[in-house]
$ cat target29.pdb   # PDB, C-alpha atoms and all ligand atoms
ATOM      1  CA  MET A   1      52.374  17.249  33.345
ATOM      2  CA  PHE A   2      55.708  18.427  31.916
ATOM      3  CA  PRO A   3      57.491  15.379  30.505
ATOM      4  CA  LEU A   4      61.091  16.256  31.443
ATOM      5  CA  LYS A   5      62.545  15.832  34.899
ATOM      6  CA  TYR A   6      65.115  18.540  35.403
ATOM      7  CA  GLU A   7      67.821  18.057  37.993
ATOM      8  CA  GLY A   8      67.754  21.005  40.413
ATOM      9  CA  ASP A   9      67.069  24.571  39.330
ATOM     10  CA  VAL A  10      67.494  25.175  35.610
ATOM     11  CA  PHE A  11      68.469  28.587  34.246
ATOM     12  CA  ARG A  12      68.180  29.956  30.729
ATOM     13  CA  PRO A  13      68.771  33.354  29.107
ATOM     14  CA  PRO A  14      65.666  35.604  28.917
ATOM     15  CA  SER A  15      65.722  35.363  25.118
ATOM     16  CA  GLU A  16      65.227  31.582  25.326
ATOM     17  CA  ALA A  17      61.878  31.895  27.109
ATOM     18  CA  ARG A  18      60.071  30.110  24.252
ATOM     19  CA  SER A  19      62.717  27.467  23.637
ATOM     20  CA  LEU A  20      62.574  23.834  24.580
ATOM     21  CA  ILE A  21      65.059  23.440  27.429
ATOM     22  CA  LEU A  22      66.985  20.167  27.408
ATOM     23  CA  GLN A  23      69.422  19.486  30.221
ATOM     24  CA  ALA A  24      72.511  18.128  28.513
ATOM     25  CA  THR A  25      74.891  18.764  31.398
ATOM     26  CA  VAL A  26      74.292  19.331  35.084
ATOM     27  CA  GLY A  27      75.845  22.287  36.914
ATOM     28  CA  CYS A  28      78.852  24.379  35.896
ATOM     29  CA  SER A  29      82.275  22.845  35.320
ATOM     30  CA  HIS A  30      83.953  25.918  36.832
ATOM     31  CA  ASN A  31      81.535  26.755  39.656
ATOM     32  CA  ARG A  32      84.007  28.966  41.494
ATOM     33  CA  CYS A  33      83.024  32.552  40.681
ATOM     34  CA  THR A  34      82.694  34.502  43.915
ATOM     35  CA  PHE A  35      79.417  36.191  42.943
ATOM     36  CA  CYS A  36      77.557  33.193  41.533
ATOM     37  CA  ALA A  37      75.262  30.812  43.393
ATOM     38  CA  MET A  38      73.444  29.350  40.388
ATOM     39  CA  TYR A  39      74.943  25.876  40.468
ATOM     40  CA  LYS A  40      76.413  25.713  43.969
ATOM     41  CA  ARG A  41      74.266  22.703  44.875
ATOM     42  CA  LYS A  42      75.265  20.724  41.802
ATOM     43  CA  LYS A  43      78.369  18.793  40.906
ATOM     44  CA  TYR A  44      79.189  19.168  37.234
ATOM     45  CA  ARG A  45      78.619  16.183  34.975
ATOM     46  CA  GLU A  46      77.536  15.356  31.464
ATOM     47  CA  ARG A  47      74.239  13.525  31.342
ATOM     48  CA  GLU A  48      74.184  10.073  29.738
ATOM     49  CA  LEU A  49      73.660  10.231  25.997
ATOM     50  CA  ASP A  50      70.891   7.608  26.190
ATOM     51  CA  GLU A  51      68.886   9.719  28.620
ATOM     52  CA  ILE A  52      69.225  12.800  26.431
ATOM     53  CA  MET A  53      68.255  10.866  23.296
ATOM     54  CA  GLU A  54      65.171   9.514  25.088
ATOM     55  CA  GLU A  55      64.152  13.029  26.038
ATOM     56  CA  ILE A  56      64.632  14.225  22.459
ATOM     57  CA  ALA A  57      62.433  11.361  21.208
ATOM     58  CA  LEU A  58      59.773  12.126  23.800
ATOM     59  CA  THR A  59      59.675  15.886  23.257
ATOM     60  CA  SER A  60      59.733  15.501  19.467
ATOM     61  CA  ARG A  61      56.489  13.529  19.755
ATOM     62  CA  LEU A  62      54.907  16.039  22.134
ATOM     63  CA  MET A  63      56.274  19.249  20.582
ATOM     64  CA  PRO A  64      57.052  18.394  16.965
ATOM     65  CA  ARG A  65      56.994  22.016  15.816
ATOM     66  CA  THR A  66      59.771  23.115  18.169
ATOM     67  CA  ARG A  67      61.924  25.745  16.469
ATOM     68  CA  ARG A  68      64.425  26.547  19.192
ATOM     69  CA  VAL A  69      66.235  24.403  21.737
ATOM     70  CA  PHE A  70      68.406  25.591  24.613
ATOM     71  CA  LEU A  71      70.862  23.084  26.061
ATOM     72  CA  ALA A  72      71.222  23.590  29.817
ATOM     73  CA  ASP A  73      72.943  23.739  32.370
ATOM     74  CA  GLY A  74      75.700  26.203  33.097
ATOM     75  CA  ASN A  75      77.994  25.329  30.242
ATOM     76  CA  ALA A  76      76.846  22.577  27.909
ATOM     77  CA  LEU A  77      79.657  23.705  25.594
ATOM     78  CA  ALA A  78      82.009  21.835  27.949
ATOM     79  CA  MET A  79      80.610  18.522  26.711
ATOM     80  CA  LYS A  80      82.825  16.209  24.741
ATOM     81  CA  THR A  81      82.713  17.289  21.112
ATOM     82  CA  GLU A  82      81.505  13.958  19.735
ATOM     83  CA  LYS A  83      78.651  13.773  22.233
ATOM     84  CA  LEU A  84      77.505  17.340  21.636
ATOM     85  CA  LEU A  85      77.571  16.723  17.883
ATOM     86  CA  ARG A  86      75.437  13.583  18.299
ATOM     87  CA  ILE A  87      72.895  15.612  20.277
ATOM     88  CA  LEU A  88      72.814  18.414  17.694
ATOM     89  CA  GLN A  89      72.402  15.913  14.856
ATOM     90  CA  GLN A  90      69.601  14.118  16.665
ATOM     91  CA  LEU A  91      67.813  17.395  17.370
ATOM     92  CA  GLU A  92      67.929  18.303  13.701
ATOM     93  CA  LYS A  93      66.566  14.898  12.701
ATOM     94  CA  SER A  94      63.829  14.927  15.317
ATOM     95  CA  PHE A  95      62.505  18.470  14.941
ATOM     96  CA  PRO A  96      61.857  19.286  11.263
ATOM     97  CA  ALA A  97      61.170  22.974  12.031
ATOM     98  CA  LEU A  98      64.336  23.416  14.114
ATOM     99  CA  GLU A  99      65.969  26.794  13.442
ATOM    100  CA  ARG A 100      68.549  27.076  16.158
ATOM    101  CA  VAL A 101      70.135  25.434  19.166
ATOM    102  CA  SER A 102      71.838  27.525  21.818
ATOM    103  CA  LEU A 103      73.768  26.964  25.033
ATOM    104  CA  TYR A 104      75.881  28.624  27.690
ATOM    105  CA  GLY A 105      79.643  28.377  27.369
ATOM    106  CA  ASN A 106      82.456  29.415  29.683
ATOM    107  CA  PRO A 107      85.440  31.188  28.163
ATOM    108  CA  GLN A 108      87.467  28.104  29.168
ATOM    109  CA  ASP A 109      85.234  25.882  27.012
ATOM    110  CA  MET A 110      85.848  28.042  23.960
ATOM    111  CA  LEU A 111      89.553  27.405  24.356
ATOM    112  CA  GLN A 112      88.972  23.658  24.661
ATOM    113  CA  LYS A 113      87.279  23.575  21.255
ATOM    114  CA  SER A 114      89.023  24.205  17.970
ATOM    115  CA  THR A 115      87.617  26.513  15.317
ATOM    116  CA  ALA A 116      86.873  23.419  13.212
ATOM    117  CA  GLU A 117      84.860  21.867  16.054
ATOM    118  CA  LEU A 118      82.891  25.064  16.552
ATOM    119  CA  ARG A 119      82.258  25.154  12.810
ATOM    120  CA  ASP A 120      80.899  21.603  12.970
ATOM    121  CA  PHE A 121      78.544  22.683  15.741
ATOM    122  CA  LYS A 122      77.372  25.589  13.633
ATOM    123  CA  GLN A 123      76.743  23.323  10.663
ATOM    124  CA  ASN A 124      74.540  21.288  12.971
ATOM    125  CA  LYS A 125      72.412  24.263  13.973
ATOM    126  CA  LEU A 126      74.280  25.665  16.959
ATOM    127  CA  GLY A 127      73.103  29.227  16.400
ATOM    128  CA  ILE A 128      74.316  31.131  19.439
ATOM    129  CA  ILE A 129      76.670  30.770  22.402
ATOM    130  CA  TYR A 130      75.814  32.728  25.546
ATOM    131  CA  LEU A 131      79.145  33.667  27.053
ATOM    132  CA  GLY A 132      79.506  35.366  30.429
ATOM    133  CA  ILE A 133      82.752  37.320  30.384
ATOM    134  CA  GLU A 134      81.705  39.541  33.327
ATOM    135  CA  SER A 135      84.588  42.000  32.888
ATOM    136  CA  GLY A 136      87.452  42.897  30.601
ATOM    137  CA  SER A 137      89.703  43.751  33.529
ATOM    138  CA  ALA A 138      92.371  41.198  34.453
ATOM    139  CA  ALA A 139      92.282  42.357  38.074
ATOM    140  CA  VAL A 140      88.512  42.031  38.330
ATOM    141  CA  LEU A 141      88.475  38.599  36.690
ATOM    142  CA  GLU A 142      91.109  37.442  39.136
ATOM    143  CA  ALA A 143      89.306  38.961  42.128
ATOM    144  CA  VAL A 144      86.059  37.158  41.271
ATOM    145  CA  ASN A 145      87.846  33.885  40.505
ATOM    146  CA  LYS A 146      86.616  33.716  36.931
ATOM    147  CA  GLY A 147      89.513  31.436  36.041
ATOM    148  CA  VAL A 148      90.471  33.176  32.808
ATOM    149  CA  THR A 149      92.300  36.287  31.670
ATOM    150  CA  PRO A 150      91.005  38.872  29.193
ATOM    151  CA  ARG A 151      93.508  37.521  26.650
ATOM    152  CA  GLU A 152      92.101  34.008  26.999
ATOM    153  CA  ILE A 153      88.552  35.316  26.663
ATOM    154  CA  ALA A 154      89.508  37.172  23.485
ATOM    155  CA  ALA A 155      91.233  34.089  22.054
ATOM    156  CA  GLY A 156      88.205  31.867  22.727
ATOM    157  CA  ALA A 157      85.765  34.408  21.329
ATOM    158  CA  ALA A 158      87.896  34.761  18.196
ATOM    159  CA  ARG A 159      87.421  31.044  17.503
ATOM    160  CA  ALA A 160      83.647  31.433  17.624
ATOM    161  CA  LYS A 161      83.920  34.396  15.250
ATOM    162  CA  GLU A 162      86.067  32.420  12.831
ATOM    163  CA  ALA A 163      83.570  29.566  12.993
ATOM    164  CA  GLY A 164      80.685  31.962  12.359
ATOM    165  CA  VAL A 165      78.871  31.200  15.630
ATOM    166  CA  PRO A 166      77.219  34.382  16.978
ATOM    167  CA  LEU A 167      78.090  35.340  20.539
ATOM    168  CA  SER A 168      75.832  36.801  23.173
ATOM    169  CA  ILE A 169      78.155  38.298  25.766
ATOM    170  CA  THR A 170      77.220  39.114  29.327
ATOM    171  CA  VAL A 171      78.996  41.682  31.486
ATOM    172  CA  ILE A 172      78.270  42.475  35.133
ATOM    173  CA  ASN A 173      78.076  46.119  36.106
ATOM    174  CA  GLY A 174      79.319  46.837  39.593
ATOM    175  CA  LEU A 175      81.648  43.845  39.703
ATOM    176  CA  ALA A 176      84.667  46.007  40.530
ATOM    177  CA  GLY A 177      82.870  47.774  43.351
ATOM    178  CA  ALA A 178      82.446  51.500  43.695
ATOM    179  CA  ASP A 179      86.191  52.212  43.589
ATOM    180  CA  GLY A 180      87.036  50.110  40.551
ATOM    181  CA  SER A 181      84.105  51.147  38.381
ATOM    182  CA  ALA A 182      85.993  53.340  35.884
ATOM    183  CA  GLY A 183      88.715  50.755  35.260
ATOM    184  CA  HIS A 184      86.178  47.945  34.912
ATOM    185  CA  ALA A 185      84.215  50.031  32.383
ATOM    186  CA  ARG A 186      87.289  51.016  30.353
ATOM    187  CA  ASP A 187      88.819  47.516  30.200
ATOM    188  CA  THR A 188      85.472  45.880  29.500
ATOM    189  CA  ALA A 189      84.731  48.185  26.574
ATOM    190  CA  ARG A 190      88.209  47.495  25.206
ATOM    191  CA  LEU A 191      87.705  43.728  25.348
ATOM    192  CA  LEU A 192      84.210  44.002  23.881
ATOM    193  CA  ASN A 193      85.590  46.028  20.974
ATOM    194  CA  GLU A 194      88.084  43.260  20.340
ATOM    195  CA  ILE A 195      85.427  40.524  20.484
ATOM    196  CA  ASP A 196      82.854  42.558  18.512
ATOM    197  CA  PRO A 197      79.868  40.423  19.627
ATOM    198  CA  GLU A 198      76.482  40.216  17.930
ATOM    199  CA  TYR A 199      74.661  40.586  21.251
ATOM    200  CA  LEU A 200      75.681  42.280  24.481
ATOM    201  CA  GLY A 201      73.858  42.144  27.799
ATOM    202  CA  LEU A 202      74.742  44.195  30.846
ATOM    203  CA  LEU A 203      73.511  42.908  34.204
ATOM    204  CA  SER A 204      73.804  44.623  37.570
ATOM    205  CA  LEU A 205      75.715  42.915  40.340
ATOM    206  CA  MET A 206      73.441  41.202  42.838
ATOM    207  CA  ALA A 207      74.790  40.027  46.172
ATOM    208  CA  VAL A 208      73.390  36.529  46.581
ATOM    209  CA  PRO A 209      73.419  35.096  50.115
ATOM    210  CA  GLY A 210      75.783  32.158  50.443
ATOM    211  CA  THR A 211      78.342  33.539  47.982
ATOM    212  CA  THR A 212      81.831  34.763  48.830
ATOM    213  CA  LEU A 213      80.909  38.159  47.471
ATOM    214  CA  HIS A 214      77.942  38.434  49.816
ATOM    215  CA  ARG A 215      80.158  37.589  52.790
ATOM    216  CA  ARG A 216      82.694  40.195  51.694
ATOM    217  CA  ILE A 217      80.017  42.864  51.488
ATOM    218  CA  ARG A 218      78.701  41.967  54.935
ATOM    219  CA  LYS A 219      82.209  42.217  56.372
ATOM    220  CA  GLY A 220      82.670  45.632  54.787
ATOM    221  CA  LEU A 221      85.382  44.340  52.438
ATOM    222  CA  PHE A 222      83.552  45.216  49.228
ATOM    223  CA  SER A 223      81.320  48.206  48.461
ATOM    224  CA  PRO A 224      78.956  47.692  45.538
ATOM    225  CA  PRO A 225      78.140  50.822  43.551
ATOM    226  CA  GLY A 226      74.726  52.420  44.010
ATOM    227  CA  PRO A 227      72.113  52.649  41.223
ATOM    228  CA  TRP A 228      73.359  55.962  39.802
ATOM    229  CA  ASP A 229      76.958  54.796  39.829
ATOM    230  CA  LEU A 230      75.887  51.671  37.963
ATOM    231  CA  LEU A 231      74.230  53.856  35.371
ATOM    232  CA  LYS A 232      77.408  55.914  35.041
ATOM    233  CA  GLU A 233      79.330  52.683  34.529
ATOM    234  CA  ILE A 234      76.962  51.741  31.699
ATOM    235  CA  GLN A 235      77.447  55.207  30.234
ATOM    236  CA  MET A 236      81.248  54.803  30.349
ATOM    237  CA  ILE A 237      81.097  51.404  28.660
ATOM    238  CA  VAL A 238      78.670  52.540  25.955
ATOM    239  CA  SER A 239      80.703  55.649  25.179
ATOM    240  CA  ASP A 240      83.816  53.535  24.505
ATOM    241  CA  LEU A 241      82.128  50.836  22.426
ATOM    242  CA  ARG A 242      82.906  50.557  18.709
ATOM    243  CA  LEU A 243      80.948  47.500  17.647
ATOM    244  CA  THR A 244      79.965  46.558  14.124
ATOM    245  CA  ASP A 245      76.403  45.362  14.548
ATOM    246  CA  CYS A 246      75.382  44.609  18.096
ATOM    247  CA  VAL A 247      72.042  44.275  19.832
ATOM    248  CA  PHE A 248      72.532  45.879  23.231
ATOM    249  CA  ARG A 249      70.411  45.004  26.240
ATOM    250  CA  ALA A 250      70.475  46.097  29.847
ATOM    251  CA  ASN A 251      66.923  45.033  30.564
ATOM    252  CA  HIS A 252      67.492  42.145  32.944
ATOM    253  CA  ALA A 253      65.490  42.128  36.197
ATOM    254  CA  SER A 254      68.680  43.305  37.949
ATOM    255  CA  ASN A 255      68.936  46.515  35.916
ATOM    256  CA  TYR A 256      67.622  49.712  37.453
ATOM    257  CA  LEU A 257      66.864  51.259  34.080
ATOM    258  CA  PRO A 258      65.815  48.903  31.271
ATOM    259  CA  LEU A 259      67.627  49.625  28.008
ATOM    260  CA  LYS A 260      67.494  47.861  24.671
ATOM    261  CA  THR A 261      68.734  49.066  21.316
ATOM    262  CA  VAL A 262      70.882  48.328  18.271
ATOM    263  CA  LEU A 263      74.145  50.165  18.829
ATOM    264  CA  SER A 264      74.981  50.699  15.151
ATOM    265  CA  ARG A 265      71.730  52.633  14.776
ATOM    266  CA  GLU A 266      71.292  54.373  18.095
ATOM    267  CA  GLN A 267      74.515  54.505  20.098
ATOM    268  CA  GLU A 268      74.639  58.312  20.016
ATOM    269  CA  LYS A 269      71.006  58.599  21.047
ATOM    270  CA  LEU A 270      71.473  56.084  23.842
ATOM    271  CA  LEU A 271      74.473  58.031  25.104
ATOM    272  CA  ALA A 272      72.651  61.359  24.930
ATOM    273  CA  ASP A 273      69.744  59.871  26.874
ATOM    274  CA  LEU A 274      72.051  58.336  29.477
ATOM    275  CA  ASN A 275      73.843  61.667  29.875
ATOM    276  CA  ARG A 276      70.549  63.490  30.298
ATOM    277  CA  ILE A 277      69.186  60.999  32.800
ATOM    278  CA  ILE A 278      72.365  61.006  34.858
ATOM    279  CA  GLU A 279      72.494  64.790  34.812
ATOM    280  CA  GLN A 280      68.855  65.168  35.811
ATOM    281  CA  LYS A 281      68.741  62.007  37.918
ATOM    282  CA  ALA A 282      65.289  61.342  36.476
ATOM    283  CA  PRO A 283      64.511  58.326  34.291
ATOM    284  CA  GLY A 284      61.523  60.013  32.586
ATOM    285  CA  SER A 285      60.002  58.064  29.702
ATOM    286  CA  LEU A 286      63.165  56.308  28.544
ATOM    287  CA  LYS A 287      61.802  52.914  29.547
ATOM    288  CA  SER A 288      59.204  52.684  26.828
ATOM    289  CA  GLU A 289      61.498  54.251  24.215
ATOM    290  CA  TYR A 290      64.186  51.574  24.421
ATOM    291  CA  LEU A 291      61.970  48.632  25.161
ATOM    292  CA  ARG A 292      60.183  48.707  21.854
ATOM    293  CA  GLY A 293      60.502  45.549  19.800
ATOM    294  CA  LEU A 294      63.523  45.079  17.589
TER     295      LEU A 294
HETATM  296  S1  LIG B 301      79.320  32.738  36.666
HETATM  297 FE1  LIG B 301      79.216  31.171  35.086
HETATM  298  S2  LIG B 301      81.288  30.248  35.118
HETATM  299 FE2  LIG B 301      81.060  31.359  37.036
HETATM  300  S3  LIG B 301      80.331  29.808  38.489
HETATM  301 FE3  LIG B 301      78.505  30.861  37.664
HETATM  302  S4  LIG B 301      77.838  29.622  35.946
HETATM  303 FE4  LIG B 301      79.939  28.983  36.446
END

$ encode --input "target29.pdb" --output "structure tokens"
Amino acid sequence: MFPLKYEGDVFRPPSEARSLILQATVGCSHNRCTFCAMYKRKKYRERELDEIMEEIALTSRLMPRTRRVFLADGNALAMKTEKLLRILQQLEKSFPALERVSLYGNPQDMLQKSTAELRDFKQNKLGIIYLGIESGSAAVLEAVNKGVTPREIAAGAARAKEAGVPLSITVINGLAGADGSAGHARDTARLLNEIDPEYLGLLSLMAVPGTTLHRRIRKGLFSPPGPWDLLKEIQMIVSDLRLTDCVFRANHASNYLPLKTVLSREQEKLLADLNRIIEQKAPGSLKSEYLRGL
């Protein structure tokens, strides 16, 4: 039987499928985005340090060769700095093969931490922050109640860059609806160029029952783009991107066409393929081409 008792549903990025998942916090400290139902049943709190330390001791006995740890829930980066550092230090002591610890952060959390604090985390094996920015458009961020502006997102991301902590950024295609797609794409690419992340993931908007967004769609107040419009939005974003060295993925279960590539090597090819597919409206064999291992 699995030794850890998670509180409620626990989510992790697809790339953390092989990681040990430790629940350091419960829920999301923001929990107000209109499209998100992930933590609606949870009230945000930090778990007691003693409980977390016990779980580290237990899992280090059962899985001593653990190389990667993901700290759940929605934004473990919101934890108090001292407590998060204690956890990172204990993980390093307990798992001799530990290579990297990762967690979700909200843009607000990045602004709560100084560059020096983020650097301390990095020195204690924090190897990646998964950051959902959703859009680079001020209007879209406000409409979905993200609680931050593009300027604040850029400022927080810049601290991670200065501290040397790689960022995996998530954007949601379709978040501006059918009418706002072009503006969402343009502003998002602009913000991404400013952040210059190491990893970028594009998801497609999913209307989850129980969310404000779902109610708006049912009332006819919001029209999500169709699959081909979502693909055009991806095409617009990709064509505007100027990133240094970024692994690009749009291969989440929500994506109609799975894409995965390294932009610095294959941005032109990706764009040519997207153009061809959109023109012909036929996915062809692109799936296998971009899903090969990196
Ligand atoms: S999208 Fe992220 S920040 Fe917004 S409510 Fe969901 S988990 Fe929290």

$ atom_distance --input "target29.pdb" --atom1 "atom CA of Pro224 of chain A" --atom2 "atom CA of His30 of chain A"
24.0 Å

$ residues_around --input "target29.pdb" --residues "segment 161-165 of chain A" --least-positions-apart "5" --cutoff "8 Å" --atoms "all atoms listed in the file" --output "count of residues only"
9

$ residues_around --input "target29.pdb" --residues "Val69 of chain A" --least-positions-apart "5" --cutoff "10 Å" --atoms "all atoms listed in the file" --output "list in words"
Glu16, Arg18, Ser19, Leu20, Ile21, Leu22, Leu88, Leu91, Phe95, Leu98, Glu99, Arg100, Val101, Ser102, Leu103, Lys125, Leu126 and Gly127 of chain A

$ residues_around --input "target29.pdb" --residues "segment 187-203 of chain A" --least-positions-apart "2" --cutoff "9 Å" --atoms "all atoms listed in the file" --output "ChimeraX atom specification"
/A:134-138,150-151,153-155,157-158,161,166-174,182-185,205-206,234,236-255

$ atom_distance --input "target29.pdb" --atom1 "atom CA of Gly156 of chain A" --atom2 "atom CA of Gly177 of chain A"
26.6 Å

$ atom_distance --input "target29.pdb" --atom1 "atom CA of Ala17 of chain A" --atom2 "atom CA of Thr211 of chain A"
26.6 Å

$ closest_residue --input "target29.pdb" --among "A:Ala160, A:Leu271, A:Ile52, A:Val26" --to "ligand LIG 301 (chain B)" --atoms "only C-alpha atoms and all ligand atoms"
A:Val26

$ residues_near_ligand --input "target29.pdb" --ligand "ligand LIG 301 (chain B)" --cutoff "9 Å" --atoms "all atoms listed in the file" --output "PyMOL selection string"
chain A and resi 27-40+73-75+104-108+131-134+144-147

$ closest_residue --input "target29.pdb" --among "A:Glu46, A:Asp229, A:Asp120, A:Glu266" --to "Leu71 of chain A" --atoms "only C-alpha atoms"
A:Glu46

$ closest_residue --input "target29.pdb" --among "A:Ser15, A:Thr261, A:Gln235, A:Pro64" --to "Ile277 of chain A" --atoms "all atoms listed in the file"
A:Gln235

$ closest_residue --input "target29.pdb" --among "A:Lys93, A:Lys42, A:Lys83, A:Arg186" --to "Glu233 of chain A" --atoms "all atoms listed in the file"
A:Arg186

$ resolve_selection --input "target29.pdb" --expression "the PyMOL selection byres (((chain A and resi 3) around 12) and not hetatm)" --output "MDAnalysis selection string"
chainID A and resid 1:2 4:6 20:22 54:63

$ closest_residue --input "target29.pdb" --among "A:Pro209, A:Leu49, A:Phe70, A:Leu257" --to "Phe11 of chain A" --atoms "only C-alpha atoms"
A:Phe70

$ decode --input "target29.pdb" --residues "segment 114-122 of chain A" --atoms "all heavy atoms" --output "PDB file, in the first residue's frame"
ATOM      1  N   SER A 114      12.434  37.068  -2.617  1.00  0.00           N
ATOM      2  CA  SER A 114      13.503  37.885  -3.211  1.00  0.00           C
ATOM      3  C   SER A 114      14.370  36.999  -4.101  1.00  0.00           C
ATOM      4  O   SER A 114      14.320  35.764  -4.008  1.00  0.00           O
ATOM      5  CB  SER A 114      14.365  38.491  -2.103  1.00  0.00           C
ATOM      6  OG  SER A 114      15.055  37.451  -1.440  1.00  0.00           O
ATOM      7  N   THR A 115      15.192  37.641  -4.918  1.00  0.00           N
ATOM      8  CA  THR A 115      16.129  36.874  -5.746  1.00  0.00           C
ATOM      9  C   THR A 115      17.055  36.044  -4.858  1.00  0.00           C
ATOM     10  O   THR A 115      17.362  34.893  -5.167  1.00  0.00           O
ATOM     11  CB  THR A 115      16.957  37.833  -6.621  1.00  0.00           C
ATOM     12  OG1 THR A 115      16.038  38.619  -7.383  1.00  0.00           O
ATOM     13  CG2 THR A 115      17.886  37.099  -7.559  1.00  0.00           C
ATOM     14  N   ALA A 116      17.466  36.618  -3.732  1.00  0.00           N
ATOM     15  CA  ALA A 116      18.375  35.888  -2.824  1.00  0.00           C
ATOM     16  C   ALA A 116      17.688  34.638  -2.273  1.00  0.00           C
ATOM     17  O   ALA A 116      18.308  33.577  -2.152  1.00  0.00           O
ATOM     18  CB  ALA A 116      18.817  36.800  -1.687  1.00  0.00           C
ATOM     19  N   GLU A 117      16.407  34.757  -1.947  1.00  0.00           N
ATOM     20  CA  GLU A 117      15.682  33.581  -1.424  1.00  0.00           C
ATOM     21  C   GLU A 117      15.571  32.497  -2.500  1.00  0.00           C
ATOM     22  O   GLU A 117      15.786  31.314  -2.238  1.00  0.00           O
ATOM     23  CB  GLU A 117      14.284  33.995  -0.945  1.00  0.00           C
ATOM     24  CG  GLU A 117      14.303  34.763   0.360  1.00  0.00           C
ATOM     25  CD  GLU A 117      12.939  35.344   0.712  1.00  0.00           C
ATOM     26  OE1 GLU A 117      12.309  35.984  -0.164  1.00  0.00           O
ATOM     27  OE2 GLU A 117      12.504  35.154   1.845  1.00  0.00           O
ATOM     28  N   LEU A 118      15.257  32.929  -3.712  1.00  0.00           N
ATOM     29  CA  LEU A 118      15.154  31.962  -4.807  1.00  0.00           C
ATOM     30  C   LEU A 118      16.509  31.300  -5.065  1.00  0.00           C
ATOM     31  O   LEU A 118      16.589  30.107  -5.367  1.00  0.00           O
ATOM     32  CB  LEU A 118      14.637  32.650  -6.077  1.00  0.00           C
ATOM     33  CG  LEU A 118      13.169  33.108  -6.012  1.00  0.00           C
ATOM     34  CD1 LEU A 118      12.837  34.058  -7.144  1.00  0.00           C
ATOM     35  CD2 LEU A 118      12.228  31.908  -6.054  1.00  0.00           C
ATOM     36  N   ARG A 119      17.568  32.083  -4.901  1.00  0.00           N
ATOM     37  CA  ARG A 119      18.914  31.522  -5.086  1.00  0.00           C
ATOM     38  C   ARG A 119      19.211  30.476  -4.001  1.00  0.00           C
ATOM     39  O   ARG A 119      19.791  29.430  -4.280  1.00  0.00           O
ATOM     40  CB  ARG A 119      19.942  32.662  -5.047  1.00  0.00           C
ATOM     41  CG  ARG A 119      21.252  32.309  -5.716  1.00  0.00           C
ATOM     42  CD  ARG A 119      22.160  33.502  -5.840  1.00  0.00           C
ATOM     43  NE  ARG A 119      21.779  34.414  -6.905  1.00  0.00           N
ATOM     44  CZ  ARG A 119      21.620  35.722  -6.783  1.00  0.00           C
ATOM     45  NH1 ARG A 119      21.795  36.309  -5.611  1.00  0.00           N
ATOM     46  NH2 ARG A 119      21.292  36.469  -7.812  1.00  0.00           N
ATOM     47  N   ASP A 120      18.770  30.756  -2.790  1.00  0.00           N
ATOM     48  CA  ASP A 120      18.943  29.766  -1.710  1.00  0.00           C
ATOM     49  C   ASP A 120      18.204  28.476  -2.034  1.00  0.00           C
ATOM     50  O   ASP A 120      18.710  27.381  -1.803  1.00  0.00           O
ATOM     51  CB  ASP A 120      18.375  30.302  -0.385  1.00  0.00           C
ATOM     52  CG  ASP A 120      19.347  31.215   0.313  1.00  0.00           C
ATOM     53  OD1 ASP A 120      20.515  31.279  -0.126  1.00  0.00           O
ATOM     54  OD2 ASP A 120      18.946  31.872   1.286  1.00  0.00           O
ATOM     55  N   PHE A 121      17.003  28.615  -2.578  1.00  0.00           N
ATOM     56  CA  PHE A 121      16.239  27.419  -2.964  1.00  0.00           C
ATOM     57  C   PHE A 121      17.021  26.627  -4.011  1.00  0.00           C
ATOM     58  O   PHE A 121      17.126  25.415  -3.946  1.00  0.00           O
ATOM     59  CB  PHE A 121      14.862  27.779  -3.530  1.00  0.00           C
ATOM     60  CG  PHE A 121      13.934  28.471  -2.552  1.00  0.00           C
ATOM     61  CD1 PHE A 121      12.942  29.335  -2.997  1.00  0.00           C
ATOM     62  CD2 PHE A 121      14.029  28.235  -1.190  1.00  0.00           C
ATOM     63  CE1 PHE A 121      12.084  29.958  -2.114  1.00  0.00           C
ATOM     64  CE2 PHE A 121      13.171  28.859  -0.290  1.00  0.00           C
ATOM     65  CZ  PHE A 121      12.206  29.731  -0.754  1.00  0.00           C
ATOM     66  N   LYS A 122      17.542  27.366  -4.969  1.00  0.00           N
ATOM     67  CA  LYS A 122      18.289  26.682  -6.049  1.00  0.00           C
ATOM     68  C   LYS A 122      19.502  25.936  -5.487  1.00  0.00           C
ATOM     69  O   LYS A 122      19.796  24.812  -5.876  1.00  0.00           O
ATOM     70  CB  LYS A 122      18.732  27.690  -7.101  1.00  0.00           C
ATOM     71  CG  LYS A 122      19.546  27.015  -8.196  1.00  0.00           C
ATOM     72  CD  LYS A 122      19.969  27.951  -9.274  1.00  0.00           C
ATOM     73  CE  LYS A 122      21.109  27.395 -10.093  1.00  0.00           C
ATOM     74  NZ  LYS A 122      20.765  26.394 -11.042  1.00  0.00           N
TER      75      LYS A 122
END
